[in-house]
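Heads up: the structure comes next, in structure tokens.
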Amino acid sequence: MKRSKLFFNTRLQLAFLCCIVVSFSCTKKYDDINTDKNSVATIGPAELPFLFSKAQSTATESQWNYQVAQNLFADQYAQYFGCTATYFPSDRLTIRMDWVGAAFNPIYTDVVPQLQSIFKASDPSSPEYAMAQTMWVLAFHKVTDYWGPIPYFQAGVPAVSVPYDAQDKIYDDFFAKLDSANTVLKAHAGENHFGNYDLFYGGDVNKWIKFTNSLRLRLAIRISKVNPDKAKTEAETAFAGGVMTASPDDDALVQRSTKGGDGNGLSIMSDWNEFRMSAAMESVLKGYSDPRMSVYFLPAVATGQFDGLRNGLTVKQLGDPANKADNLSHAGARWASPAAGGINDYLATPQQVMETAEVYFLRAEGSMLGWSLGGTPKDLYEAGITNSMKQWGISAAATTAYINSTATPVAPNDFLHSPALTNIPVKFDAANQVIQREQIATQKWLALYPDGIEAWADYRRGHYNKLYPVANSDNPDIPDPTTQWIRRIPFLLSEQQVNGPAVEAAGALLGGPDKVTTALWWDKN
Amino acid sequence: MLRLKQFLTLLCLLVGTALFAQNRVITGKVLSGKDNSAISGASIIIKGSANSGTTTGTDGSFSLSVPGGATTISVSSIGFVLQDVNVQAGQNSVSVVLVEDTKQLGEVVVTALGITRQSKTLVYATQTIKPAQLTEVRDPNNVLNSLSGKIANAVVTQGSGGPGSGARIVLRGNRSIQGSNNALIVVDGVPITNDTYGTAGSDFGSVQGSDGASNINPDDIESVTVLRGASAAALYGSAAGNGVIVITTKKGTRDRVSVTVNSGVQFEQAYALPKVQNSYGQGNGGVFDRKSGESWGPKIDGHALDSNYLGNPDVYTSQPDNIKDFFRTGVSFNNSIGVAAGGDKVQTYLSYTNNNIQGIVPGNDLIRNTVNLRLSTQLNSKWSTDAKLTYMQQDIKNRPRTGEENAPTIDIYNIPRNVSLTNAKNYDFVNVLGVSTPTYWPSTLASIYQNPYWMIHRTGINESRDRLQGFVSLKYNITDWLNVTGRANLDRINTKLDQYYYQGTILWASQPGGYYSKTNIQTTQKWADLIFEGTNKLTDDLKLNYHAGAIFFDYLYEDNTGTANGLNVTNKFSLNFASNPELNQNSTEIQTQSLFGQASLSWKDKIFLDASLRNDWDSRLPKPYSYPYYSVGVSAIISDMVKLPENWSYLKANINYAEVGNGGQAQILTSKYTYSQGAGNGFLQRSSTLPIPGLKPEIVKNLEIGVESRFINNRIGFTATFYKSNSFNQLLLVPLPPASGYANQYINAGNIQNEGFEFVLNGTVIKNKDFNWDVTLNFALNRNKVISLSNDLKTVYLSGGYGRSGTPVVKEGGSYGDLLAYQWARDPKGNFLVTAAGKPLTTDILKEDQGLIGNFNPKETFGFTNIFNYKAFSLRILIDGRIGGTVISGTEMNLAFSGIPEATGQYRDGGWALGGVDTTGAAVGKTISAQDFWQTASGKRYGVGEFFAYDMTNFRIRELSISYDIPMKSNKIIKGARISAMARNVAWLYRGSSLLDIPGLGKRKMWFDPDMSLGNGNFQGVEYGTLPATRSWGFNLKLTF
């Protein structure tokens, strides 16, 4: 008995002690156990360039966002493409909130943290800081130009509610940021920063100076109706700072890759057969015998012809063979899979961010307003066309013939027997400013292809070029699409759900009901 | 003394009678072999004579008239082994000592950590399932599916991926929003790894992966105990808040050699396929279009076609079986051999099982080999050991994708109503480069759906899995009242996944050459414990039994995937040919260390007090990683304390309260940046989830009150249990405004309550010499209430956002699994709104939110098993059902847009008056056509869910089996032979209907089986491209040597 008691006392206590020791001592490794070995926990100088690349890739509508952020909305509203899919209502002006969020959410979650990390880790006088500032403006002007008021000044601050800011205040900040970026970059002219992590220019600071100022010019023209004085100052300062002048060297294109879901967003949709050339594009490209037509589009598989469709056809109309994808023109070879008649590397086709041609058209329009932007409207207009042609590899002879052409758009051979989109020629009108404006806007519209986001914003801002009325509107706020048009994207349902009070307060900043028909601050039409 | 006198008188009388009738009366006493206590209510019958029997009184005594000569009586009592006693001629008293039957699980149950307890000492309800019920009628896909209808308050839904798919088994309602609601599966005392590597989280679909439970070999199961409540499970910690299914596997036997050979064949067929119209074929608006995938064409009239979609002459005829005939009859073989043997010192059990299972989708097969070795030794009175090694190898070929995106099921459902399978089988041709290329297919959506034969022949998802499970344990009896057991357990699963998609496969092979990926997943779970067990008699009336110990648990998950999206050599499926090879690696480790103690105090074996305390140190939590939880309960055997009326044999009441903690989720305390490939040098991306440095453990608080009672000599008994459980500090992933830089954040919040009632009845309706009728009925109801979520958040979407057909949510004030969908708008009076053109006006057009249309959980569930034994025949019927619950058929929504479902066959030529009102309340007299209607209700992949919502209520004959024990002479080699025939999912007794009573159409009866779900995660309530449920039947032969 005594022995067993002793046994109990020593052995048992020892065993219990073991348990306790095991339990307490081993928690030392717990933090290590709970760390993900396949990711980076802290950001240092070596990681910043990867963040910059990510910001560039996402800010320009990355592969899986492109369709729902851009193609189903801006690309249709700019009338680059018509929708051939029966199950997408956005061409008939019904906004699918859960899709269009792709133009909003990724900017905040995959661009803002990246750029803010760079702001935090680098000196404000460094080119890295300045390049990040320009990227910031590029990303956010697209967002505000969709919605108007957006969360901006408090973006990236963890909180359960993030306030919306007025668009004019946001534009003020854009100009301030671009101004400071230009100043810093100028001080580092000729240098290279971020190297091949910079997907636009391979780190060439000189090109970043041009890009920064060109972007500033774009935004200046954007506010030319709502705030002409500021627009003039900003535009002239931008031009003085040095803008893009020569395509293709100065053009900003973002590299794309077949790796990691980083492909060209337009290309990835190639075989989905959900969108085709619009009737508006067909009317103009065919009428002008535009040499870019066969670059921008492919002949229809079934007919071998270039054919487009009107925007906003009903499900029943889309059921007609004439409106089937096979009978209509696919986006050009560089955005088409080999199966659709495209190139092998179609997914790696670089994507436009801003091109030299646009800058000339901006200057042409500015000079019509009497701003000093280094040229006459006619010269700048023609230089815009020339640079666009260069960008797409069109010969100089064809370009010259095009510039002097008096041909006008034709009636597209479409299901609704639409008339010609407009009656202006390419050749710059000698005197009529209304026609000149339409010519500049029309050529800019052609040059911007396939960047529907900028083209739609530009159309809303100026209303200088013509587009067809949407054939059918399912949106009760636009009962008559011949007299009304879509001017913005309503505030996201998801924002109302997770950021409700801020969205409610944003209503006052919008200056009208939260509808597609409410004009943005810079939209004075 | 009086009694003796009476007895003698009686005896004299009886002797007299006996003499006259050659009968005599014997008296006797029945005692328990364990402690020599009297057994009351034991039944005594004379062998070979019907209707003559008696039962013992409270003191265990009986008297019985028996034939004069030598005879045999059978003595039985619940919890004891039936004993035959020879009564010699002239013998008139007999004493019978019954041996406790440890196999009769009604009395002794395996509880947490493998601790065996007498059921009457438990302070909570348990339920046991006889293993025969899992092996007689097998579900070829997953043994968990065989639990349907057998456990009170269990909702079993099967994942839709064919054989080996993960299943979902939820006990007492859903409580976790982000985490799993699946019951914990415990084998031989240790939780097994039961992850599912792939499951649908939205109606988009997925590949339903295997879980851990699907590898369990039913032939090795010795017993199954279900611990429904947290109290019962508290000792398991973490995952036990969802209840536990405790499986004990077979061991060797002492002093006996037995060999069991089991051989079965089973046939499986799809049923509950979509009901389709067979009157209209390809086209639109009534106009024929040979290239169209839509079935809105002209009436099928058998006229000759110049050319069909392939360009060949054809006849325009309907193809009523072109969906049904796509699926095959799956044939499965189960063969197993088990050898159990042993002496006093060593016992072994060795088994080998081969399962060869064909799925109903052509080409989808599962082959599984399982070897199981169990070795137990008793070295001496102090030391004993136990060890087990189970090795399983399983290959699954061509697991079908599920969901709405280019998966064989949804592809075949979309076949135009006049396209024959003969034509469809021309799914490819070889192009000039010698490459298999898809033949033109009249798809309803050319960018999404493809010829289903292409999908089954030109794509494949193959899984190969090795699993090693085993433990060694050593037990030492320190004294006769205290022992200690140490155990080490390993569960390692290696899963290899090979996926290939030929060039030309829509959606999945987006780059030239085709797509290939190879994934290796390894999970390793280590479990070690040291448990002291003691029993002390404190006084004559007071006994103490206790356990104390420590547990170490480590779980490591690792996967790596090589992806070739694009192959340089077309359709050569190896990473060597990758044009853009990509690698991806993930790993997670969780470690917990625990100390626990449990004590049970019994007073006179009538009142039992039970308490447990456990403390966990969990690596997922911030310092100091620690949290405690406990349980306490009491039970009383009232029938032993007060005199109950005659025929009321047993009454027990119990109450308990328990808390169970859960460490949450790994790797969420700090931010992380992940790398992804892309242009330049690739990208770093910050996780869009805000970390939660102050993570707290989740706590489930559980109260349970139960009564157990038996009547008429234990012939009928029931247990009734009421419970209430509240889950606090739920780990919720809640959305943040993305403008904050984060898409979401984790919070600890909420209070989700489940309360309910369970009733299990067991009884013998008829008991004769040759005929027995036993019934088991379980009935349960669960009411869930989301009492609170958080201040900032009132709704969590279980699918992460709006679904295409419907959205299951957890909403404050509602119930877990409330189902939201777009609806047909009504005016305040309840009239349907229509547009000026007469089409339905739906809430999506009106820009309204999705509205509440139901909840995916049943309100009540029941299972009713009847077993009829007649001589050597046995017939078992299981009827089960669920009452309540709503499910949206995304499949029907998808097909309705294309004019395929039966309902779309009406009003093709217009004239359909819905009789609704416009927004001003004025009646609209316009009529519309079927196409107008259904293309408003459905936008194909996005639609108005309410039109396609059904009441999930259904009753069915779940299982049916007939078996016959072939009489064998005991001296022959074959000692027993049992042949049986079985069927599963035999027939519907009742099925619910659609929610909407559409004017002119009425309610449609549910055509699908709501038990089949898209995946086995928390995304439920939406059926979309799910594999059809199956009906199976087969035969089984069991030989015992």
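Each chain of the structure tokens is named A, B, ... in the order shown, its residues numbered from 1; ligands are numbered from 1 in display order.
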So that each row is one residue of chain B with an atom at most 7 Å from chain A, can you give its shortest atom pair and the distance in Å to one decimal, using only C-alpha atoms, rows by chain and rising number, as JSON lines?
```
{"residue": "B:Asn284", "atom": "CA", "partner": "A:Gly319", "partner_atom": "CA", "distance": 6.9}
{"residue": "B:Ser447", "atom": "CA", "partner": "A:Trp272", "partner_atom": "CA", "distance": 4.4}
{"residue": "B:Ala550", "atom": "CA", "partner": "A:Cys19", "partner_atom": "CA", "distance": 5.7}
{"residue": "B:Asn580", "atom": "CA", "partner": "A:Lys259", "partner_atom": "CA", "distance": 6.0}
{"residue": "B:Gln585", "atom": "CA", "partner": "A:Asn38", "partner_atom": "CA", "distance": 6.7}
{"residue": "B:Asn586", "atom": "CA", "partner": "A:Asn38", "partner_atom": "CA", "distance": 6.2}
{"residue": "B:Ser587", "atom": "CA", "partner": "A:Asp36", "partner_atom": "CA", "distance": 6.9}
{"residue": "B:Thr588", "atom": "CA", "partner": "A:Asp36", "partner_atom": "CA", "distance": 6.8}
{"residue": "B:Glu589", "atom": "CA", "partner": "A:Ile33", "partner_atom": "CA", "distance": 5.8}
{"residue": "B:Ile590", "atom": "CA", "partner": "A:Ile33", "partner_atom": "CA", "distance": 6.8}
{"residue": "B:Gln593", "atom": "CA", "partner": "A:Ser23", "partner_atom": "CA", "distance": 5.5}
{"residue": "B:Ser594", "atom": "CA", "partner": "A:Ser23", "partner_atom": "CA", "distance": 6.7}
{"residue": "B:Ser619", "atom": "CA", "partner": "A:Tyr30", "partner_atom": "CA", "distance": 4.9}
{"residue": "B:Arg620", "atom": "CA", "partner": "A:Asn34", "partner_atom": "CA", "distance": 6.0}
{"residue": "B:Ala666", "atom": "CA", "partner": "A:Asn34", "partner_atom": "CA", "distance": 6.0}
{"residue": "B:Gln667", "atom": "CA", "partner": "A:Asn34", "partner_atom": "CA", "distance": 5.2}
{"residue": "B:Ser671", "atom": "CA", "partner": "A:Ala41", "partner_atom": "CA", "distance": 6.5}
{"residue": "B:Lys672", "atom": "CA", "partner": "A:Ala41", "partner_atom": "CA", "distance": 4.9}
{"residue": "B:Tyr673", "atom": "CA", "partner": "A:Val40", "partner_atom": "CA", "distance": 4.9}
{"residue": "B:Thr674", "atom": "CA", "partner": "A:Ser39", "partner_atom": "CA", "distance": 4.8}
{"residue": "B:Tyr675", "atom": "CA", "partner": "A:Ser39", "partner_atom": "CA", "distance": 6.8}
{"residue": "B:Ser676", "atom": "CA", "partner": "A:Gly260", "partner_atom": "CA", "distance": 6.2}
{"residue": "B:Gln677", "atom": "CA", "partner": "A:Gly260", "partner_atom": "CA", "distance": 4.5}
{"residue": "B:Gly678", "atom": "CA", "partner": "A:Asp262", "partner_atom": "CA", "distance": 5.1}
{"residue": "B:Ala679", "atom": "CA", "partner": "A:Ser257", "partner_atom": "CA", "distance": 4.8}
{"residue": "B:Gly680", "atom": "CA", "partner": "A:Tyr197", "partner_atom": "CA", "distance": 5.5}
{"residue": "B:Asn681", "atom": "CA", "partner": "A:Tyr197", "partner_atom": "CA", "distance": 6.3}
{"residue": "B:Gly682", "atom": "CA", "partner": "A:Phe50", "partner_atom": "CA", "distance": 6.5}
{"residue": "B:Phe683", "atom": "CA", "partner": "A:Phe50", "partner_atom": "CA", "distance": 4.8}
{"residue": "B:Leu684", "atom": "CA", "partner": "A:Phe50", "partner_atom": "CA", "distance": 5.2}
{"residue": "B:Gln685", "atom": "CA", "partner": "A:Asp110", "partner_atom": "CA", "distance": 6.7}
{"residue": "B:Ser688", "atom": "CA", "partner": "A:Thr109", "partner_atom": "CA", "distance": 6.2}
{"residue": "B:Pro735", "atom": "CA", "partner": "A:Val498", "partner_atom": "CA", "distance": 6.5}
{"residue": "B:Leu736", "atom": "CA", "partner": "A:Val160", "partner_atom": "CA", "distance": 5.8}
{"residue": "B:Pro737", "atom": "CA", "partner": "A:Asn499", "partner_atom": "CA", "distance": 5.5}
{"residue": "B:Pro738", "atom": "CA", "partner": "A:Asn105", "partner_atom": "CA", "distance": 5.6}
{"residue": "B:Ala739", "atom": "CA", "partner": "A:Ala155", "partner_atom": "CA", "distance": 5.0}
{"residue": "B:Ser740", "atom": "CA", "partner": "A:Gly156", "partner_atom": "CA", "distance": 4.3}
{"residue": "B:Gly741", "atom": "CA", "partner": "A:Gly156", "partner_atom": "CA", "distance": 4.2}
{"residue": "B:Tyr742", "atom": "CA", "partner": "A:Thr109", "partner_atom": "CA", "distance": 5.5}
{"residue": "B:Ala743", "atom": "CA", "partner": "A:Thr109", "partner_atom": "CA", "distance": 6.6}
{"residue": "B:Gly939", "atom": "CA", "partner": "A:Tyr87", "partner_atom": "CA", "distance": 5.4}
{"residue": "B:Lys940", "atom": "CA", "partner": "A:Tyr87", "partner_atom": "CA", "distance": 6.4}
```
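The alpha helix (DSSP H) portion of segment 285-336 of chain A consists of Leu285, Lys286, Gly287, Met293, Ser294, Val295, Tyr296, Val315, Lys316, Gln317 and Leu318 of chain A, with states taken from DSSP on the backbone.
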*All residues 12 Å or closer to Tyr449 of chain A, only C-alpha atoms, same chain fewer than 2 positions away omitted, as a ChimeraX atom specification*: /A:71,74-76,78-81,266,277-278,281,285,292-293,295-297,331-332,351-355,357-358,388,391-392,442-447,451-456
Run DSSP on the backbone and give me the residues of segment 256-496 of chain B it puts in strand (DSSP E or B), as a compact mmCIF listing (two decimals) with C-alpha atoms, in the first residue's frame.
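That gives us out12.txt:
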```txt
# COMPACT_ATOMS: atom_id res chain seq x y z
CA SER B 258 -14.03 -15.60 -37.34
CA VAL B 259 -13.83 -14.74 -40.96
CA THR B 260 -16.41 -12.55 -42.59
CA VAL B 261 -16.70 -12.23 -46.32
CA ASN B 262 -19.02 -9.66 -47.73
CA SER B 263 -19.78 -9.30 -51.38
CA GLY B 264 -22.23 -6.88 -52.90
CA VAL B 265 -23.26 -5.48 -56.20
CA GLN B 266 -25.25 -2.33 -56.59
CA PHE B 267 -26.81 -0.52 -59.51
CA GLU B 268 -27.31 3.19 -59.54
CA GLN B 269 -29.46 5.27 -61.84
CA ALA B 270 -30.22 8.94 -62.18
CA VAL B 276 -38.89 18.82 -70.14
CA TYR B 280 -41.06 22.29 -79.59
CA GLY B 283 -35.42 27.99 -82.91
CA ASN B 284 -36.80 31.25 -81.68
CA VAL B 287 -39.22 29.87 -86.22
CA PHE B 288 -36.90 26.94 -86.87
CA SER B 295 -35.98 25.33 -77.98
CA LYS B 299 -44.00 22.50 -83.07
CA ALA B 304 -37.92 16.15 -92.99
CA LEU B 305 -35.13 18.67 -92.51
CA ASP B 314 -32.59 14.80 -90.62
CA VAL B 315 -36.13 14.51 -89.37
CA GLY B 330 -23.57 2.78 -62.54
CA VAL B 331 -22.53 -0.64 -61.34
CA SER B 332 -20.67 -0.90 -58.06
CA PHE B 333 -18.98 -3.83 -56.44
CA ASN B 334 -18.08 -4.01 -52.78
CA ASN B 335 -15.97 -6.90 -51.65
CA SER B 336 -14.47 -7.25 -48.26
CA ILE B 337 -12.93 -9.88 -46.09
CA GLY B 338 -12.40 -9.50 -42.38
CA VAL B 339 -10.50 -11.85 -40.12
CA ALA B 340 -10.82 -11.53 -36.37
CA ALA B 341 -8.86 -13.78 -34.09
CA GLY B 342 -7.09 -13.86 -30.81
CA VAL B 346 -3.20 -10.91 -28.36
CA GLN B 347 -6.17 -10.13 -30.53
CA THR B 348 -6.02 -9.11 -34.13
CA TYR B 349 -8.39 -7.90 -36.77
CA LEU B 350 -7.36 -7.72 -40.37
CA SER B 351 -9.55 -6.63 -43.20
CA TYR B 352 -9.27 -5.86 -46.85
CA THR B 353 -11.97 -4.09 -48.80
CA ASN B 354 -12.25 -3.31 -52.45
CA ASN B 355 -14.84 -0.84 -53.69
CA ASN B 356 -15.32 -0.45 -57.37
CA ILE B 357 -17.92 2.19 -58.02
CA GLN B 358 -19.20 3.57 -61.30
CA ASP B 365 -15.32 5.71 -61.67
CA LEU B 366 -13.98 5.21 -58.21
CA ILE B 367 -11.72 2.39 -57.15
CA ARG B 368 -10.78 2.11 -53.51
CA ASN B 369 -8.67 -0.44 -51.66
CA THR B 370 -8.53 -0.39 -47.91
CA VAL B 371 -6.37 -2.52 -45.65
CA ASN B 372 -6.97 -2.35 -41.96
CA LEU B 373 -4.95 -4.03 -39.23
CA ARG B 374 -5.76 -3.83 -35.56
CA LEU B 375 -3.61 -5.41 -32.93
CA SER B 376 -4.45 -5.43 -29.25
CA THR B 377 -2.36 -7.06 -26.54
CA GLN B 378 -2.65 -7.66 -22.82
CA TRP B 383 0.24 -3.34 -19.29
CA SER B 384 -1.81 -3.48 -22.43
CA THR B 385 -1.40 -2.04 -25.88
CA ASP B 386 -3.58 -1.27 -28.83
CA ALA B 387 -2.54 -0.31 -32.31
CA LYS B 388 -4.18 0.23 -35.65
CA LEU B 389 -3.01 0.87 -39.15
CA THR B 390 -5.39 1.71 -41.97
CA TYR B 391 -4.11 2.30 -45.45
CA MET B 392 -6.42 3.44 -48.16
CA GLN B 393 -5.75 4.03 -51.79
CA GLN B 394 -8.45 5.60 -53.90
CA ASP B 395 -8.59 6.63 -57.53
CA ILE B 396 -11.40 8.68 -58.94
CA LYS B 397 -11.51 9.09 -62.68
CA THR B 402 -20.89 20.73 -61.11
CA ASP B 428 -15.35 16.33 -82.35
CA PHE B 429 -13.47 16.00 -85.58
CA VAL B 430 -9.77 15.91 -86.30
CA SER B 436 -9.34 17.05 -81.95
CA THR B 437 -11.62 20.02 -82.51
CA PRO B 438 -15.17 20.54 -81.25
CA THR B 459 -11.72 16.99 -70.27
CA GLY B 460 -10.93 15.16 -67.09
CA ILE B 461 -10.51 15.68 -63.41
CA ASN B 462 -8.73 12.73 -61.87
CA GLU B 463 -8.06 12.33 -58.21
CA SER B 464 -5.72 9.89 -56.59
CA ARG B 465 -5.54 9.67 -52.85
CA ASP B 466 -3.46 7.76 -50.36
CA ARG B 467 -4.41 7.86 -46.76
CA LEU B 468 -2.59 6.42 -43.83
CA GLN B 469 -4.26 6.43 -40.49
CA GLY B 470 -3.06 4.76 -37.40
CA PHE B 471 -2.40 4.91 -33.75
CA VAL B 472 -0.45 3.20 -31.04
CA SER B 473 -1.61 3.29 -27.50
CA LEU B 474 -0.20 1.98 -24.28
CA LYS B 475 -2.21 1.52 -21.15
CA TYR B 476 -0.84 0.98 -17.68
CA ASN B 477 -2.90 0.03 -14.69
CA ILE B 478 -1.21 1.97 -11.93
CA THR B 479 -3.47 0.53 -9.29
CA LEU B 482 -6.24 4.17 -11.59
CA ASN B 483 -4.81 3.70 -15.04
CA VAL B 484 -3.08 5.82 -17.58
CA THR B 485 -3.21 5.61 -21.33
CA GLY B 486 -0.87 7.27 -23.76
CA ARG B 487 -1.74 7.41 -27.40
CA ALA B 488 -0.21 8.76 -30.58
CA ASN B 489 -2.29 9.09 -33.69
CA LEU B 490 -1.42 10.03 -37.25
CA ASP B 491 -3.76 10.80 -40.11
CA ARG B 492 -2.04 11.67 -43.37
CA ILE B 493 -3.82 12.22 -46.65
CA ASN B 494 -2.03 12.74 -49.92
CA THR B 495 -4.32 13.84 -52.70
CA LYS B 496 -3.17 14.28 -56.25
```
_Residues within 9 Å of Glu236 of chain A, only C-alpha atoms, excluding chain neighbours under 4 positions, as a VMD selection string_ = chain A and resid 217 231 to 232 240 to 241 371 to 373
*Test item: residues at most 10 Å from Lys604 of chain B, only C-alpha atoms, excluding those fewer than 6 positions along its chain, as a list in words*: Thr539, Asp540, Asp541, Leu542, Lys543, Asp640 and Met641 of chain B
_For Asn451 of chain B: contacts at 7 Å, only C-alpha atoms, fewer than 2 positions along chain excluded, given as a list of chain:residue names_ = B:Asp411, B:Ala424, B:Tyr427, B:Trp441, B:Tyr453, B:Trp454, B:Met455
Mind writing the picked residues with all heavy atoms as an mmCIF file, in the first residue's frame?
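out_27.cif, freshly written:
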```
data_model
loop_
_atom_site.group_PDB
_atom_site.id
_atom_site.type_symbol
_atom_site.label_atom_id
_atom_site.label_comp_id
_atom_site.auth_asym_id
_atom_site.auth_seq_id
_atom_site.Cartn_x
_atom_site.Cartn_y
_atom_site.Cartn_z
ATOM 1 N N ASP B 411 -24.727 21.001 -69.300
ATOM 2 C CA ASP B 411 -24.602 20.919 -70.759
ATOM 3 C C ASP B 411 -25.657 19.990 -71.366
ATOM 4 O O ASP B 411 -26.291 20.332 -72.363
ATOM 5 C CB ASP B 411 -23.211 20.404 -71.161
ATOM 6 C CG ASP B 411 -22.119 21.452 -70.951
ATOM 7 O OD1 ASP B 411 -22.467 22.641 -70.792
ATOM 8 O OD2 ASP B 411 -20.934 21.073 -70.940
ATOM 9 N N ALA B 424 -25.415 14.012 -81.056
ATOM 10 C CA ALA B 424 -24.580 14.680 -80.049
ATOM 11 C C ALA B 424 -23.252 13.963 -79.858
ATOM 12 O O ALA B 424 -22.252 14.570 -79.493
ATOM 13 C CB ALA B 424 -25.339 14.757 -78.725
ATOM 14 N N TYR B 427 -19.037 14.638 -81.251
ATOM 15 C CA TYR B 427 -18.644 15.844 -80.528
ATOM 16 C C TYR B 427 -17.359 16.471 -81.055
ATOM 17 O O TYR B 427 -17.041 17.589 -80.764
ATOM 18 C CB TYR B 427 -18.497 15.543 -79.040
ATOM 19 C CG TYR B 427 -17.470 14.465 -78.745
ATOM 20 C CD1 TYR B 427 -16.133 14.784 -78.578
ATOM 21 C CD2 TYR B 427 -17.858 13.127 -78.644
ATOM 22 C CE1 TYR B 427 -15.200 13.795 -78.333
ATOM 23 C CE2 TYR B 427 -16.919 12.139 -78.397
ATOM 24 C CZ TYR B 427 -15.591 12.486 -78.252
ATOM 25 O OH TYR B 427 -14.665 11.521 -78.014
ATOM 26 N N TRP B 441 -21.862 22.901 -82.165
ATOM 27 C CA TRP B 441 -22.865 22.445 -81.208
ATOM 28 C C TRP B 441 -23.902 23.540 -81.039
ATOM 29 O O TRP B 441 -23.551 24.693 -80.788
ATOM 30 C CB TRP B 441 -22.189 22.122 -79.861
ATOM 31 C CG TRP B 441 -23.150 21.730 -78.777
ATOM 32 C CD1 TRP B 441 -23.423 22.430 -77.627
ATOM 33 C CD2 TRP B 441 -23.959 20.555 -78.702
ATOM 34 N NE1 TRP B 441 -24.334 21.765 -76.864
ATOM 35 C CE2 TRP B 441 -24.687 20.609 -77.495
ATOM 36 C CE3 TRP B 441 -24.138 19.464 -79.559
ATOM 37 C CZ2 TRP B 441 -25.588 19.614 -77.112
ATOM 38 C CZ3 TRP B 441 -25.028 18.469 -79.166
ATOM 39 C CH2 TRP B 441 -25.735 18.549 -77.962
ATOM 40 N N TYR B 453 -20.712 15.577 -74.415
ATOM 41 C CA TYR B 453 -19.798 14.472 -74.738
ATOM 42 C C TYR B 453 -18.361 14.965 -74.884
ATOM 43 O O TYR B 453 -17.421 14.247 -74.586
ATOM 44 C CB TYR B 453 -20.259 13.728 -76.001
ATOM 45 C CG TYR B 453 -21.458 12.857 -75.731
ATOM 46 C CD1 TYR B 453 -22.731 13.245 -76.130
ATOM 47 C CD2 TYR B 453 -21.323 11.655 -75.031
ATOM 48 C CE1 TYR B 453 -23.837 12.465 -75.855
ATOM 49 C CE2 TYR B 453 -22.418 10.863 -74.754
ATOM 50 C CZ TYR B 453 -23.679 11.269 -75.170
ATOM 51 O OH TYR B 453 -24.763 10.478 -74.887
ATOM 52 N N TRP B 454 -18.217 16.191 -75.361
ATOM 53 C CA TRP B 454 -16.872 16.775 -75.380
ATOM 54 C C TRP B 454 -16.366 16.865 -73.938
ATOM 55 O O TRP B 454 -15.231 16.532 -73.634
ATOM 56 C CB TRP B 454 -16.894 18.158 -76.037
ATOM 57 C CG TRP B 454 -15.572 18.873 -75.928
ATOM 58 C CD1 TRP B 454 -15.104 19.602 -74.868
ATOM 59 C CD2 TRP B 454 -14.513 18.877 -76.898
ATOM 60 N NE1 TRP B 454 -13.845 20.066 -75.123
ATOM 61 C CE2 TRP B 454 -13.446 19.635 -76.369
ATOM 62 C CE3 TRP B 454 -14.377 18.317 -78.176
ATOM 63 C CZ2 TRP B 454 -12.252 19.858 -77.060
ATOM 64 C CZ3 TRP B 454 -13.181 18.534 -78.862
ATOM 65 C CH2 TRP B 454 -12.133 19.297 -78.305
ATOM 66 N N MET B 455 -17.237 17.325 -73.062
ATOM 67 C CA MET B 455 -16.812 17.516 -71.672
ATOM 68 C C MET B 455 -16.405 16.196 -71.014
ATOM 69 O O MET B 455 -15.477 16.171 -70.208
ATOM 70 C CB MET B 455 -17.912 18.206 -70.852
ATOM 71 C CG MET B 455 -18.130 19.661 -71.211
ATOM 72 S SD MET B 455 -16.609 20.652 -71.212
ATOM 73 C CE MET B 455 -16.278 20.795 -69.447
#
```
